[in-house]
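**Q** Sharing protein_9.txt (compact mmCIF, C-alpha atoms) below.
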```txt
# COMPACT_ATOMS: atom_id res chain seq x y z
CA MET A 1 147.33 125.65 130.40
CA VAL A 2 147.71 124.29 126.89
CA LYS A 3 148.21 120.82 128.28
CA GLY A 4 144.95 121.15 130.24
CA LEU A 5 143.03 122.13 127.09
CA VAL A 6 144.40 119.17 125.18
CA LYS A 7 143.42 116.89 128.02
CA GLN A 8 139.82 118.20 127.98
CA LEU A 9 139.51 117.70 124.19
CA ARG A 10 140.87 114.18 124.56
CA TYR A 11 137.88 113.31 126.71
CA ARG A 12 135.30 115.29 124.71
CA ILE A 13 136.07 113.87 121.24
CA PRO A 14 134.90 110.31 122.08
CA ILE A 15 131.69 111.77 123.53
CA ILE A 16 131.01 113.86 120.38
CA GLY A 17 131.72 110.86 118.18
CA PHE A 18 129.32 108.75 120.19
CA LEU A 19 126.56 111.35 119.79
CA VAL A 20 127.14 111.61 116.03
CA CYS A 21 126.94 107.85 115.62
CA ALA A 22 123.77 107.73 117.70
CA LEU A 23 122.15 110.35 115.47
CA LEU A 24 123.17 108.50 112.32
CA LEU A 25 121.79 105.22 113.63
CA THR A 26 118.51 106.91 114.55
CA GLY A 27 118.15 108.29 111.01
CA CYS A 28 118.89 104.98 109.35
CA GLY A 29 115.55 103.53 110.39
CA GLU A 30 113.62 105.52 107.74
CA ASP A 31 114.79 106.58 104.27
CA PRO A 32 114.11 110.16 103.15
CA GLN A 33 110.94 110.39 101.04
CA GLN A 34 110.70 112.28 97.78
CA GLY A 35 108.97 115.60 98.27
CA LEU A 36 109.62 115.69 102.02
CA PRO A 37 112.49 117.39 103.90
CA GLY A 38 115.64 115.41 103.33
CA GLY A 39 114.23 113.62 100.29
CA ALA A 40 114.74 114.04 96.57
CA ALA A 41 113.30 117.14 94.91
CA PRO A 42 109.70 116.75 93.65
CA ALA A 43 109.34 115.86 89.98
CA VAL A 44 107.74 118.52 87.78
CA ILE A 45 104.97 117.37 85.44
CA GLU A 46 104.07 120.01 82.87
CA VAL A 47 100.51 120.05 81.51
CA TRP A 48 99.61 122.00 78.38
CA HIS A 49 95.88 122.74 78.31
CA SER A 50 93.43 124.83 76.30
CA LEU A 51 90.86 125.50 79.03
CA ALA A 52 89.82 129.05 79.85
CA GLY A 53 87.68 130.90 82.36
CA ALA A 54 85.83 128.88 85.00
CA GLU A 55 86.98 125.62 83.41
CA ALA A 56 90.64 126.61 83.78
CA GLU A 57 90.01 127.66 87.39
CA ALA A 58 88.44 124.29 88.14
CA LEU A 59 91.44 122.54 86.57
CA GLY A 60 93.77 124.60 88.76
CA LYS A 61 91.91 123.58 91.90
CA GLU A 62 92.02 119.90 90.97
CA VAL A 63 95.76 120.15 90.27
CA GLN A 64 96.31 121.77 93.68
CA LYS A 65 94.50 118.84 95.32
CA ILE A 66 96.85 116.45 93.54
CA MET A 67 99.93 118.29 94.79
CA ASP A 68 98.53 118.56 98.33
CA GLY A 69 98.03 114.81 98.44
CA HIS A 70 101.24 113.88 96.59
CA PRO A 71 104.21 116.06 97.59
CA GLU A 72 106.46 114.02 95.34
CA VAL A 73 105.07 115.82 92.30
CA ILE A 74 104.67 119.42 91.19
CA VAL A 75 102.15 119.97 88.38
CA HIS A 76 102.82 123.02 86.23
CA LEU A 77 99.89 124.24 84.10
CA GLU A 78 100.55 126.07 80.84
CA TYR A 79 97.66 127.55 78.85
CA ILE A 80 97.99 127.18 75.06
CA GLU A 81 95.25 128.16 72.61
CA GLU A 82 93.59 125.14 71.03
CA GLY A 83 94.56 126.21 67.52
CA GLU A 84 98.22 126.66 68.50
CA ILE A 85 98.83 123.61 70.66
CA ALA A 86 99.82 121.20 67.86
CA HIS A 87 102.13 123.72 66.19
CA LEU A 88 103.86 124.75 69.42
CA ALA A 89 104.22 121.12 70.46
CA TYR A 90 105.94 120.39 67.14
CA LEU A 91 108.41 123.22 67.69
CA ALA A 92 109.08 122.22 71.29
CA GLN A 93 109.52 118.54 70.60
CA ALA A 94 112.00 119.24 67.81
CA GLY A 95 114.34 120.23 70.63
CA GLY A 96 113.30 117.41 72.93
CA GLU A 97 111.12 119.73 74.99
CA GLY A 98 107.41 120.13 75.63
CA PRO A 99 104.93 118.94 78.26
CA GLU A 100 104.43 115.54 79.79
CA ILE A 101 100.64 115.80 79.46
CA PHE A 102 98.19 117.42 77.02
CA LEU A 103 94.64 118.31 78.08
CA THR A 104 92.69 119.74 75.17
CA THR A 105 89.90 119.14 72.66
CA SER A 106 89.49 115.99 70.62
CA GLN A 107 90.28 117.94 67.45
CA ALA A 108 93.59 119.21 68.85
CA LEU A 109 94.47 115.75 70.17
CA THR A 110 93.86 114.31 66.70
CA GLU A 111 96.31 116.84 65.25
CA LEU A 112 98.86 116.00 67.93
CA PHE A 113 98.54 112.28 67.14
CA GLN A 114 98.96 112.88 63.42
CA GLN A 115 102.27 114.67 63.98
CA GLY A 116 103.53 111.92 66.30
CA ALA A 117 103.34 113.96 69.50
CA LEU A 118 101.33 111.41 71.51
CA ALA A 119 102.38 108.16 73.15
CA PRO A 120 99.98 105.31 74.04
CA VAL A 121 98.15 106.22 77.24
CA ILE A 122 99.74 105.36 80.57
CA GLY A 123 96.81 105.92 82.92
CA ASN A 124 93.51 104.05 83.24
CA ALA A 125 89.96 105.37 83.01
CA ASP A 126 86.39 104.07 82.99
CA SER A 127 85.16 106.06 80.00
CA PHE A 128 82.29 105.02 77.74
CA ILE A 129 83.45 102.83 74.85
CA GLY A 130 82.02 105.11 72.16
CA LEU A 131 83.86 108.12 73.57
CA THR A 132 87.12 106.24 73.99
CA SER A 133 87.16 104.72 70.51
CA GLN A 134 87.75 108.10 68.81
CA PHE A 135 91.23 108.14 70.36
CA LYS A 136 92.06 104.58 69.32
CA TYR A 137 94.31 103.94 66.33
CA GLY A 138 94.90 100.32 65.42
CA GLU A 139 95.05 98.46 68.71
CA LYS A 140 96.47 101.34 70.74
CA LEU A 141 94.74 104.06 72.73
CA TYR A 142 96.36 107.50 72.63
CA ALA A 143 94.06 109.56 74.88
CA HIS A 144 91.28 109.27 77.42
CA PRO A 145 88.11 111.39 77.20
CA LEU A 146 87.60 113.61 80.24
CA ALA A 147 84.50 115.70 79.53
CA THR A 148 81.97 115.99 76.71
CA ASP A 149 78.50 117.03 75.60
CA VAL A 150 75.72 115.30 73.64
CA PRO A 151 72.72 116.41 71.57
CA VAL A 152 69.26 115.74 73.03
CA PHE A 153 65.72 116.30 71.79
CA TYR A 154 63.96 119.30 73.39
CA TYR A 155 60.21 119.90 73.23
CA ARG A 156 57.86 122.67 74.37
CA THR A 157 55.10 121.20 76.50
CA ASP A 158 52.88 124.21 75.78
CA LEU A 159 53.01 123.77 71.99
CA ALA A 160 52.98 120.08 71.13
CA GLN A 161 53.23 116.58 72.52
CA LEU A 162 56.37 114.49 72.57
CA PRO A 163 56.24 112.43 69.36
CA PRO A 164 56.42 108.63 69.63
CA THR A 165 59.43 108.62 67.28
CA LEU A 166 61.47 111.22 65.42
CA ALA A 167 60.00 109.94 62.17
CA ASP A 168 56.48 110.68 63.46
CA PHE A 169 57.01 114.18 64.82
CA TYR A 170 55.00 115.67 61.95
CA THR A 171 51.81 114.02 63.31
CA THR A 172 51.91 116.38 66.29
CA LYS A 173 51.85 119.40 63.94
CA GLY A 174 54.84 120.92 65.72
CA VAL A 175 57.78 122.57 63.96
CA LEU A 176 61.27 121.08 64.40
CA ALA A 177 64.07 123.66 64.21
CA LEU A 178 67.67 122.61 63.59
CA THR A 179 70.83 124.70 63.41
CA ALA A 180 72.05 122.60 60.47
CA LEU A 181 71.39 119.41 58.56
CA ASP A 182 74.30 117.34 59.79
CA ALA A 183 75.19 114.05 61.44
CA LYS A 184 75.67 115.76 64.82
CA ASN A 185 71.93 116.47 64.95
CA LEU A 186 70.56 113.59 62.91
CA ALA A 187 72.86 110.55 63.28
CA PRO A 188 70.54 108.42 65.48
CA TRP A 189 67.56 109.11 63.25
CA TRP A 190 69.45 108.49 60.01
CA LEU A 191 71.25 105.35 61.25
CA ALA A 192 68.04 103.90 62.71
CA GLN A 193 66.51 104.12 59.22
CA GLY A 194 69.37 102.18 57.63
CA GLY A 195 71.72 105.06 56.80
CA LYS A 196 75.21 103.99 55.83
CA LEU A 197 78.49 105.65 54.85
CA ALA A 198 80.84 102.81 53.97
CA GLY A 199 80.91 99.13 53.06
CA ASN A 200 83.86 96.83 52.42
CA GLY A 201 86.23 99.74 52.90
CA GLN A 202 84.55 101.88 50.24
CA PRO A 203 82.19 104.88 50.45
CA VAL A 204 78.51 104.12 49.77
CA LEU A 205 76.94 107.55 50.13
CA GLN A 206 74.43 106.77 47.35
CA GLU A 207 72.82 103.95 49.35
CA PRO A 208 69.02 103.94 48.84
CA ALA A 209 68.46 104.43 52.59
CA ASN A 210 70.54 107.62 52.49
CA LEU A 211 68.48 109.00 49.62
CA ILE A 212 65.15 108.10 51.23
CA PHE A 213 66.17 109.81 54.46
CA LEU A 214 67.21 112.98 52.64
CA GLN A 215 64.00 113.02 50.58
CA GLN A 216 61.99 112.72 53.78
CA LEU A 217 63.72 115.79 55.23
CA LEU A 218 63.04 117.77 52.08
CA ALA A 219 59.37 116.75 52.13
CA TRP A 220 59.02 118.13 55.66
CA LYS A 221 60.69 121.31 54.50
CA GLU A 222 57.95 121.71 51.89
CA GLU A 223 55.31 121.15 54.57
CA LYS A 224 57.02 123.81 56.74
CA LEU A 225 57.47 121.30 59.55
CA LEU A 226 61.26 121.33 59.44
CA VAL A 227 63.26 124.56 59.66
CA VAL A 228 67.03 124.92 59.38
CA ASP A 229 68.19 128.15 60.97
CA PRO A 230 71.43 129.08 62.79
CA ASN A 231 69.15 130.65 65.43
CA ALA A 232 67.12 127.46 65.97
CA TRP A 233 67.59 127.65 69.75
CA ASP A 234 66.09 131.14 69.85
CA LEU A 235 63.14 129.95 67.76
CA PHE A 236 62.56 127.29 70.40
CA LEU A 237 62.87 129.75 73.28
CA ASN A 238 60.47 132.20 71.62
CA ALA A 239 57.83 129.50 70.99
CA GLN A 240 58.32 129.68 67.21
CA ALA A 241 59.32 126.01 67.14
CA ALA A 242 57.91 123.22 69.26
CA TYR A 243 60.99 121.03 68.93
CA THR A 244 64.72 121.34 68.52
CA ILE A 245 67.86 119.21 68.81
CA ALA A 246 70.60 120.90 70.80
CA ASN A 247 73.41 120.11 73.21
CA ALA A 248 72.40 118.83 76.63
CA SER A 249 74.40 121.66 78.19
CA ARG A 250 71.77 124.09 76.86
CA ALA A 251 69.39 122.83 79.53
CA GLN A 252 71.46 124.58 82.18
CA GLY A 253 70.30 127.94 80.82
CA LEU A 254 66.57 127.18 80.68
CA THR A 255 64.23 128.72 83.28
CA GLU A 256 60.84 127.76 84.68
CA ALA A 257 59.31 130.50 82.53
CA ILE A 258 59.71 128.18 79.53
CA PRO A 259 57.67 124.96 79.73
CA TRP A 260 60.01 122.36 78.31
CA GLY A 261 61.12 118.77 78.42
CA SER A 262 63.91 116.74 76.84
CA VAL A 263 64.74 113.12 76.06
CA PRO A 264 67.78 111.26 74.70
CA LEU A 265 67.69 111.11 70.92
CA HIS A 266 67.76 107.31 70.77
CA GLN A 267 64.60 107.19 72.91
CA LEU A 268 62.79 108.48 69.82
CA THR A 269 64.32 105.85 67.52
CA ALA A 270 63.21 102.78 69.50
CA GLY A 271 66.70 102.47 70.91
CA GLN A 272 68.24 102.16 67.44
CA GLY A 273 70.97 104.32 65.94
CA GLU A 274 74.01 105.85 67.59
CA LEU A 275 74.80 109.50 68.22
CA LEU A 276 77.87 111.68 68.00
CA ALA A 277 79.29 113.37 71.10
CA VAL A 278 80.43 117.00 70.82
CA ARG A 279 82.76 119.41 72.63
CA THR A 280 84.88 116.53 73.92
CA LEU A 281 87.99 117.14 76.01
CA GLY A 282 90.68 114.49 76.32
CA ILE A 283 93.92 113.90 78.18
CA ALA A 284 97.05 112.34 76.66
CA ASN A 285 100.75 111.97 77.38
CA SER A 286 103.61 113.18 75.22
CA SER A 287 105.68 110.84 73.07
CA ILE A 288 108.83 112.85 73.89
CA LYS A 289 108.48 113.35 77.64
CA SER A 290 106.90 110.04 78.68
CA SER A 291 110.17 108.67 80.02
CA GLU A 292 110.38 105.47 82.03
CA SER A 293 111.41 107.34 85.17
CA LEU A 294 108.50 109.79 84.97
CA SER A 295 105.83 107.34 83.82
CA PRO A 296 104.58 106.50 87.34
CA LEU A 297 104.08 110.19 88.14
CA ILE A 298 102.49 110.95 84.75
CA ARG A 299 100.12 108.08 85.39
CA LEU A 300 99.38 109.43 88.86
CA VAL A 301 98.46 112.89 87.55
CA GLU A 302 96.38 111.52 84.66
CA GLU A 303 94.41 109.11 86.82
CA GLU A 304 93.72 111.74 89.46
CA LEU A 305 92.37 114.12 86.80
CA LEU A 306 90.32 111.28 85.30
CA SER A 307 88.67 110.40 88.61
CA SER A 308 84.90 110.92 88.69
CA ASP A 309 85.14 113.81 91.14
CA SER A 310 87.77 115.69 89.14
CA GLN A 311 85.95 115.09 85.87
CA TRP A 312 82.71 116.42 87.33
CA ALA A 313 84.38 119.54 88.76
CA ILE A 314 86.10 120.40 85.46
CA ALA A 315 83.15 119.42 83.24
CA LYS A 316 80.58 121.33 85.28
CA ALA A 317 82.70 124.49 85.19
CA GLY A 318 82.84 124.27 81.38
CA LYS A 319 79.16 123.32 80.96
CA ARG A 320 80.13 119.84 79.87
CA PHE A 321 79.56 116.40 81.36
CA PRO A 322 81.95 113.75 82.73
CA ALA A 323 83.15 110.99 80.42
CA SER A 324 83.37 108.58 83.37
CA SER A 325 80.77 105.80 83.16
CA SER A 326 80.86 105.26 86.93
CA PHE A 327 79.81 108.87 87.53
CA TYR A 328 76.36 108.13 86.09
CA SER A 329 75.71 105.43 88.68
CA ARG A 330 75.67 108.11 91.40
CA GLU A 331 72.36 109.10 92.98
CA GLU A 332 72.65 112.67 91.71
CA ALA A 333 72.88 111.36 88.12
CA GLN A 334 69.72 109.25 88.28
CA SER A 335 67.34 111.96 87.17
CA GLY A 336 67.01 115.03 84.99
CA ILE A 337 69.48 115.98 82.30
CA LEU A 338 72.33 114.00 83.92
CA ARG A 339 70.41 110.76 83.50
CA GLN A 340 69.65 111.63 79.88
CA VAL A 341 73.33 112.35 79.23
CA GLY A 342 74.38 109.05 80.81
CA LEU A 343 71.92 107.11 78.66
CA SER A 344 73.07 109.02 75.58
CA LEU A 345 76.76 108.39 76.22
CA ALA A 346 76.04 104.66 76.27
CA GLN A 347 74.78 105.07 72.67
CA VAL A 348 77.71 107.06 71.24
CA TRP A 349 78.78 105.86 67.79
CA SER A 350 81.95 103.85 68.32
CA LEU A 351 84.24 105.11 65.55
CA PRO A 352 88.02 104.57 65.85
CA GLY A 353 90.16 107.62 65.16
CA ASN A 354 91.13 106.37 61.71
CA ALA A 355 87.66 105.05 60.75
CA LEU A 356 86.62 105.70 57.16
CA GLU A 357 83.20 106.86 58.35
CA GLY A 358 84.80 109.70 60.29
CA LYS A 359 86.28 111.05 57.06
CA LEU A 360 82.99 110.66 55.17
CA ILE A 361 80.67 112.38 57.66
CA PRO A 362 81.69 115.94 56.62
CA ILE A 363 81.25 115.01 52.95
CA GLN A 364 77.73 113.71 53.55
CA ASP A 365 76.88 116.72 55.72
CA LYS A 366 77.81 118.95 52.78
CA ALA A 367 75.59 116.90 50.47
CA TRP A 368 72.61 117.26 52.81
CA GLN A 369 73.14 121.00 52.99
CA LYS A 370 73.40 121.29 49.20
CA ALA A 371 70.11 119.43 48.78
CA TRP A 372 68.50 121.72 51.32
CA THR A 373 69.46 124.76 49.25
CA GLY A 374 67.90 123.33 46.08
CA VAL A 375 70.35 120.83 44.54
CA ASN A 376 68.63 117.63 43.40
CA PRO A 377 69.16 115.09 46.25
CA GLU A 378 70.31 112.34 43.87
CA GLU A 379 72.87 114.70 42.34
CA ALA A 380 74.02 115.94 45.74
CA LEU A 381 74.71 112.39 46.93
CA ALA A 382 76.35 111.44 43.62
CA GLU A 383 78.70 114.42 43.92
CA ALA A 384 79.47 113.41 47.51
CA GLN A 385 80.23 109.85 46.42
CA ALA A 386 82.64 111.10 43.74
CA GLU A 387 84.31 113.45 46.23
CA ALA A 388 84.70 110.62 48.73
CA ARG A 389 86.36 108.35 46.16
CA LYS A 390 88.79 111.07 45.12
CA ALA A 391 89.69 111.68 48.74
CA LEU A 392 90.49 107.98 49.20
CA GLU A 393 92.49 107.74 45.98
CA ALA A 394 94.61 110.75 47.02
CA LYS A 395 95.88 108.87 50.10
```
Output the structure of this file as structure tokens.

**A**
Amino acid sequence: MVKGLVKQLRYRIPIIGFLVCALLLTGCGEDPQQGLPGGAAPAVIEVWHSLAGAEAEALGKEVQKIMDGHPEVIVHLEYIEEGEIAHLAYLAQAGGEGPEIFLTTSQALTELFQQGALAPVIGNADSFIGLTSQFKYGEKLYAHPLATDVPVFYYRTDLAQLPPTLADFYTTKGVLALTALDAKNLAPWWLAQGGKLAGNGQPVLQEPANLIFLQQLLAWKEEKLLVVDPNAWDLFLNAQAAYTIANASRAQGLTEAIPWGSVPLHQLTAGQGELLAVRTLGIANSSIKSSESLSPLIRLVEEELLSSDSQWAIAKAGKRFPASSSFYSREEAQSGILRQVGLSLAQVWSLPGNALEGKLIPIQDKAWQKAWTGVNPEEALAEAQAEARKALEAK
């Protein structure tokens, strides 16, 4: 009986071996793919972001689309408060940890760059030059803008006509209400009239054009044509001001009950003068985790999030606007507030991240505000010039 069993096995072993070889040869025709059964485990790309509410939900949906289309990557989202992201990144990177990608505000990205947490960007984008330049240091780009907002000029059609230029608004006898005297609201107007912050690497806040512009604002204050009030938007809504300058995103909350219109700021300066974008979000990759092996997948995730469709989904949820220039060539962006935003973004002041002007803007803003409260305008600008020089000498 034992001999019979041995004899049966003797014949079965070659058959089993043949079947095993056949299976192996069949499998050799196609290598296992990463992220699929039999392949390498998917790579995990961690993204630290500071988005909340509907904006965070939109980000989550876009990330899910990426993973559905690219099983070779798992994207892990980690919410970090904007004010904490630079500090926590510093602590994490001290131990060689942290995310592969940061998605946060321009202010937080600037802090991350200053502490060495960012590497030159890996992915590509079609952002407007003025938006992109704020993340450029030297010849290298350290982040891509993803979403933003811009100030526009609003007017009440039931109170006054649209002025031919910002400088002529007083001829319509309408009141202009501003939340503050600052470059965010007034840069196109001020620059179009020859305003200047620096020359030959030195501050020039006492330039005659700067003084003339400030004196003009104060004259309109005396004539009660210009009002500075933190509640300027409410003054506009309640028909107490015919004009205001506010973010384009404000238009999304206006109803037909209020007769209004809006135009890009540079339309009222004969196309002269640049503006400053606000509420900008950017995306960057970490200097610690941007390894050579992960770079292709980091690039994949970044470029997918920077696509026009993803930018629009995230921006719209956060009441912002895409930074993608190609988005504004779409049919849906050829009218209304989207068209005005696209035209405005083409006029954004192109200031590199380490530009001297960027450091001087807050100093000049403070001088304007001092003059508004009663300080002699010449003295306010002289004090600003002295403060600017001290700030440069301290570095």

**Q** Let me have the centre and edge lengths in Å, one decimal, of the box along x, y and z around every listed atom of range 66-72 of chain A with 6 Å of margin on each side, as lines of an AutoDock Vina configuration file.

**A**
```
center_x = 101.7
center_y = 116.2
center_z = 96.0
size_x = 21.6
size_y = 16.7
size_z = 16.9
```

**Q** Within 8 Å of range 94-98 of chain A, counting all atoms listed in the file, which residues show up once you throw out same-chain ones fewer than 4 positions away? Write them as a list in words, please.

**A**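 Neighbouring residues, sequence-local ones excluded: Glu46, Ala89, Tyr90, Ser286, Ile288 and Lys289 of chain A.
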
**Q** Excluding same-chain residues fewer than 6 positions from Leu51 in chain A, what lies within 9 Å of it counting all atoms listed in the file, as a list in words?

**A**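 Contacts, in chain order: Glu57, Leu59, Tyr79, Ile80, Glu81, Glu82, Leu103, Thr104 and Gly318 of chain A.
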
**Q** Which residues of range 25-119 of chain A have any atom within 9 Å of an atom in range 134-142 of chain A when counting all atoms listed in the file, and what is the closest pair of atoms for each, with the distance in Å to one decimal? Order the rows by chain and rising number and write it as a Markdown table.

**A**
```
| residue | atom | partner | partner_atom | distance |
| --- | --- | --- | --- | --- |
| A:Ser106 | CA | A:Phe135 | CA | 8.0 |
| A:Leu109 | CA | A:Phe135 | CA | 8.3 |
| A:Thr110 | CA | A:Phe135 | CA | 7.6 |
| A:Phe113 | CA | A:Tyr142 | CA | 7.6 |
| A:Leu118 | CA | A:Tyr142 | CA | 6.4 |
| A:Ala119 | CA | A:Tyr142 | CA | 6.1 |
```

**Q** Show me the residues around (64.4, 104.2, 61.7) - criterion: an atom at most 9 Å away, only C-alpha atoms counted - as a list of chain:residue names.

**A**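 Answer for this query, in the requested form: A:Thr165, A:Leu166, A:Ala167, A:Pro188, A:Trp189, A:Trp190, A:Leu191, A:Ala192, A:Gln193, A:Gly194, A:Gly195, A:Thr269, A:Ala270, A:Gln272, A:Gly273.
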
**Q** Quick one: distance from CA of His76 in chain A to CA of Val278 in chain A in Å, one decimal?

**A**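 Taking CA of His76 in chain A and CA of Val278 in chain A, their separation equals 27.8 Å.
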
**Q** Measuring atom to atom with all atoms listed in the file, identify which of A:Ala284, A:Leu159, A:Ala43, A:Leu226 is nearest to Thr132 in chain A.

**A**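 That would be A:Ala284, the residue with the smallest distance to Thr132 in chain A.
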
**Q** Please, what distance in Å, to one decimal, runs between CA of Leu294 in chain A and CA of Ile66 in chain A?

**A**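 Taking CA of Leu294 in chain A and CA of Ile66 in chain A, their separation equals 15.9 Å.
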
**Q** My list of candidates is A:Leu351, A:Val73, A:Leu305, A:Leu181. Which is closest to Lys370 in chain A when distances are computed with all atoms listed in the file?

**A**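 Residue with the minimum atom-to-atom distance to Lys370 in chain A: A:Leu181.
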
**Q** Provide range 368-375 of chain A rebuilt to all heavy atoms, formatted as a tab-separated table (two decimals), in the coordinates of the input.

**A**
```tsv
chain	number	residue	atom	x	y	z
A	368	TRP	N	73.92	116.95	52.22
A	368	TRP	CA	72.61	117.26	52.81
A	368	TRP	C	72.32	118.75	52.70
A	368	TRP	O	71.22	119.17	52.36
A	368	TRP	CB	72.56	116.84	54.27
A	368	TRP	CG	72.48	115.35	54.49
A	368	TRP	CD1	72.37	114.38	53.54
A	368	TRP	CD2	72.50	114.67	55.75
A	368	TRP	NE1	72.33	113.13	54.11
A	368	TRP	CE2	72.40	113.29	55.48
A	368	TRP	CE3	72.60	115.08	57.06
A	368	TRP	CZ2	72.38	112.32	56.49
A	368	TRP	CZ3	72.59	114.12	58.08
A	368	TRP	CH2	72.48	112.76	57.79
A	369	GLN	N	73.33	119.55	53.00
A	369	GLN	CA	73.14	121.00	52.99
A	369	GLN	C	72.94	121.53	51.56
A	369	GLN	O	72.17	122.47	51.34
A	369	GLN	CB	74.34	121.67	53.68
A	369	GLN	CG	74.36	121.41	55.18
A	369	GLN	CD	75.73	121.46	55.79
A	369	GLN	OE1	76.68	121.99	55.19
A	369	GLN	NE2	75.88	120.92	56.99
A	370	LYS	N	73.62	120.90	50.60
A	370	LYS	CA	73.40	121.29	49.20
A	370	LYS	C	71.96	120.99	48.78
A	370	LYS	O	71.30	121.80	48.12
A	370	LYS	CB	74.37	120.53	48.29
A	370	LYS	CG	75.77	121.09	48.24
A	370	LYS	CD	76.60	120.30	47.24
A	370	LYS	CE	78.00	120.86	47.10
A	370	LYS	NZ	78.81	120.09	46.12
A	371	ALA	N	71.47	119.81	49.14
A	371	ALA	CA	70.11	119.43	48.78
A	371	ALA	C	69.10	120.37	49.43
A	371	ALA	O	68.08	120.72	48.82
A	371	ALA	CB	69.84	117.99	49.22
A	372	TRP	N	69.40	120.81	50.62
A	372	TRP	CA	68.50	121.72	51.32
A	372	TRP	C	68.37	123.06	50.60
A	372	TRP	O	67.32	123.70	50.63
A	372	TRP	CB	68.99	121.92	52.75
A	372	TRP	CG	68.03	122.67	53.63
A	372	TRP	CD1	68.06	123.99	53.97
A	372	TRP	CD2	66.87	122.14	54.28
A	372	TRP	NE1	67.00	124.31	54.78
A	372	TRP	CE2	66.25	123.19	54.99
A	372	TRP	CE3	66.29	120.87	54.32
A	372	TRP	CZ2	65.09	123.01	55.75
A	372	TRP	CZ3	65.14	120.69	55.07
A	372	TRP	CH2	64.55	121.75	55.78
A	373	THR	N	69.46	123.46	49.95
A	373	THR	CA	69.46	124.76	49.25
A	373	THR	C	68.95	124.64	47.81
A	373	THR	O	68.97	125.63	47.07
A	373	THR	CB	70.85	125.38	49.24
A	373	THR	OG1	71.78	124.48	48.60
A	373	THR	CG2	71.33	125.66	50.65
A	374	GLY	N	68.53	123.44	47.39
A	374	GLY	CA	67.90	123.33	46.08
A	374	GLY	C	68.53	122.34	45.11
A	374	GLY	O	67.96	122.05	44.06
A	375	VAL	N	69.73	121.82	45.43
A	375	VAL	CA	70.35	120.83	44.54
A	375	VAL	C	69.55	119.53	44.60
A	375	VAL	O	69.10	119.12	45.67
A	375	VAL	CB	71.81	120.58	44.96
A	375	VAL	CG1	72.44	119.48	44.10
A	375	VAL	CG2	72.62	121.87	44.86
```
